[in-house]
Every structure is written in structure tokens, then in C-alpha cells.
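Undergrad: input_7.cif is reproduced in full below (mmCIF, C-alpha atoms).
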data_target
loop_
_atom_site.label_atom_id
_atom_site.label_comp_id
_atom_site.auth_asym_id
_atom_site.auth_seq_id
_atom_site.Cartn_x
_atom_site.Cartn_y
_atom_site.Cartn_z
CA MET I 1 -18.50 28.37 27.05
CA VAL I 2 -15.04 26.76 26.56
CA GLN I 3 -15.85 24.07 29.13
CA TYR I 4 -19.13 23.32 27.37
CA LEU I 5 -17.40 22.98 23.99
CA SER I 6 -14.69 20.80 25.50
CA ALA I 7 -17.29 18.53 27.08
CA LEU I 8 -19.25 18.41 23.81
CA TYR I 9 -16.10 17.57 21.85
CA GLY I 10 -15.25 14.89 24.40
CA LEU I 11 -18.58 13.22 23.74
CA TYR I 12 -18.11 13.08 19.98
CA ALA I 13 -14.35 12.68 19.72
CA PRO I 14 -14.22 8.84 19.96
CA GLU I 15 -16.66 8.42 17.10
CA VAL I 16 -14.80 10.87 14.90
CA LYS I 17 -11.47 9.25 15.76
CA ASP I 18 -12.75 5.78 14.87
CA GLU I 19 -14.13 7.10 11.59
CA PHE I 20 -10.77 8.59 10.63
CA GLU I 21 -8.88 5.45 11.65
CA GLY I 22 -11.14 3.37 9.42
CA GLN I 23 -10.56 5.78 6.58
CA GLY I 24 -6.80 5.46 7.02
CA MET I 25 -6.99 1.67 6.90
CA VAL I 26 -9.01 1.83 3.69
CA GLU I 27 -6.43 4.16 2.15
CA TYR I 28 -3.61 1.77 3.09
CA ALA I 29 -5.55 -1.13 1.60
CA LEU I 30 -6.11 0.77 -1.65
CA ILE I 31 -2.42 1.64 -1.88
CA LEU I 32 -1.50 -2.01 -1.25
CA VAL I 33 -3.89 -3.16 -3.99
CA LEU I 34 -2.52 -0.59 -6.43
CA VAL I 35 1.10 -1.61 -5.75
CA SER I 36 0.17 -5.28 -6.14
CA VAL I 37 -1.57 -4.68 -9.47
CA VAL I 38 1.44 -2.72 -10.79
CA ALA I 39 3.88 -5.41 -9.64
CA ILE I 40 1.86 -8.25 -11.16
CA THR I 41 1.40 -6.38 -14.44
CA THR I 42 5.09 -5.54 -14.65
CA LEU I 43 6.16 -9.12 -13.95
CA THR I 44 3.65 -10.46 -16.46
CA LEU I 45 4.86 -8.15 -19.21
CA LEU I 46 8.60 -8.33 -18.49
CA GLY I 47 8.77 -11.89 -17.14
CA PRO I 48 9.89 -13.59 -20.36
CA GLN I 49 12.58 -10.96 -20.98
CA ILE I 50 13.90 -11.25 -17.41
CA ARG I 51 13.93 -15.06 -17.72
CA ASP I 52 15.97 -14.81 -20.94
CA ILE I 53 18.47 -12.45 -19.31
CA PHE I 54 19.01 -14.80 -16.37
CA SER I 55 19.25 -17.79 -18.71
CA ASN I 56 21.98 -16.03 -20.70
CA ILE I 57 23.88 -15.14 -17.53
CA SER I 58 23.52 -18.70 -16.24
CA GLY I 59 24.73 -20.12 -19.55
CA GLN I 60 27.75 -17.83 -19.60
CA LEU I 61 28.65 -18.74 -16.03
CA GLY I 62 28.34 -22.45 -16.85
CA THR I 63 30.69 -22.22 -19.84
CA ALA I 64 33.19 -20.01 -17.98
CA GLY I 65 33.62 -22.61 -15.24
CA SER I 66 34.51 -25.46 -17.64
#
Could you write out this structure as C-alpha cells?

TA:
Amino acid sequence: MVQYLSALYGLYAPEVKDEFEGQGMVEYALILVLVSVVAITTLTLLGPQIRDIFSNISGQLGTAGS
């Protein structure tokens, strides 16, 4: 009985493995899309404030060197 089940599992294992590998790739793609959307949204909302901070730092460094 064990040999029969092992042989039966051996016949179906490659298909199941491929299905799970495809599922994993889809999950990684969804995570990548989610991280990208969060990063783009954050940079869009905070971009002007970050630019002003760096401009102030740059201005202070320029006047300190004179």
C-alpha cells in the first residue's frame, strides 16, 4: 500500500510542485508591486519637503565655506 501511494505521489508531485512555485512567484510579484506603490506614494507626498530640507542644508554649507 505504501509503495502504491509513493508511486501515485510520484506521478502527481511535479504538477503540484510547479503549481506552488507559480504561486510563490505571484506572491513575490504582489509584494514588489505593493512596496513600489508605497514608495512612490511616499516620495510624491514628501518630495517637496525633502527637497526643501536638502536645499536648506546645501545653502548652509555654501555660506559656511565662504

Undergrad: Between CA of Val33 in chain I and CA of Gln49 in chain I, what is the distance in Å, rounded to a tenth?

TA: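 Taking CA of Val33 in chain I and CA of Gln49 in chain I, their separation equals 24.9 Å.
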
Undergrad: Suppose you want the space between CA of Ala39 in chain I and CA of Ser55 in chain I; what is it in Å?

TA: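 Answer for the CA of Ala39 in chain I to CA of Ser55 in chain I separation: 21.7 Å.
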
Undergrad: So how many Å separate CA of Tyr28 in chain I and CA of Leu45 in chain I, to one decimal?

TA: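 Atom-to-atom, CA of Tyr28 in chain I to CA of Leu45 in chain I, that is 25.8 Å.
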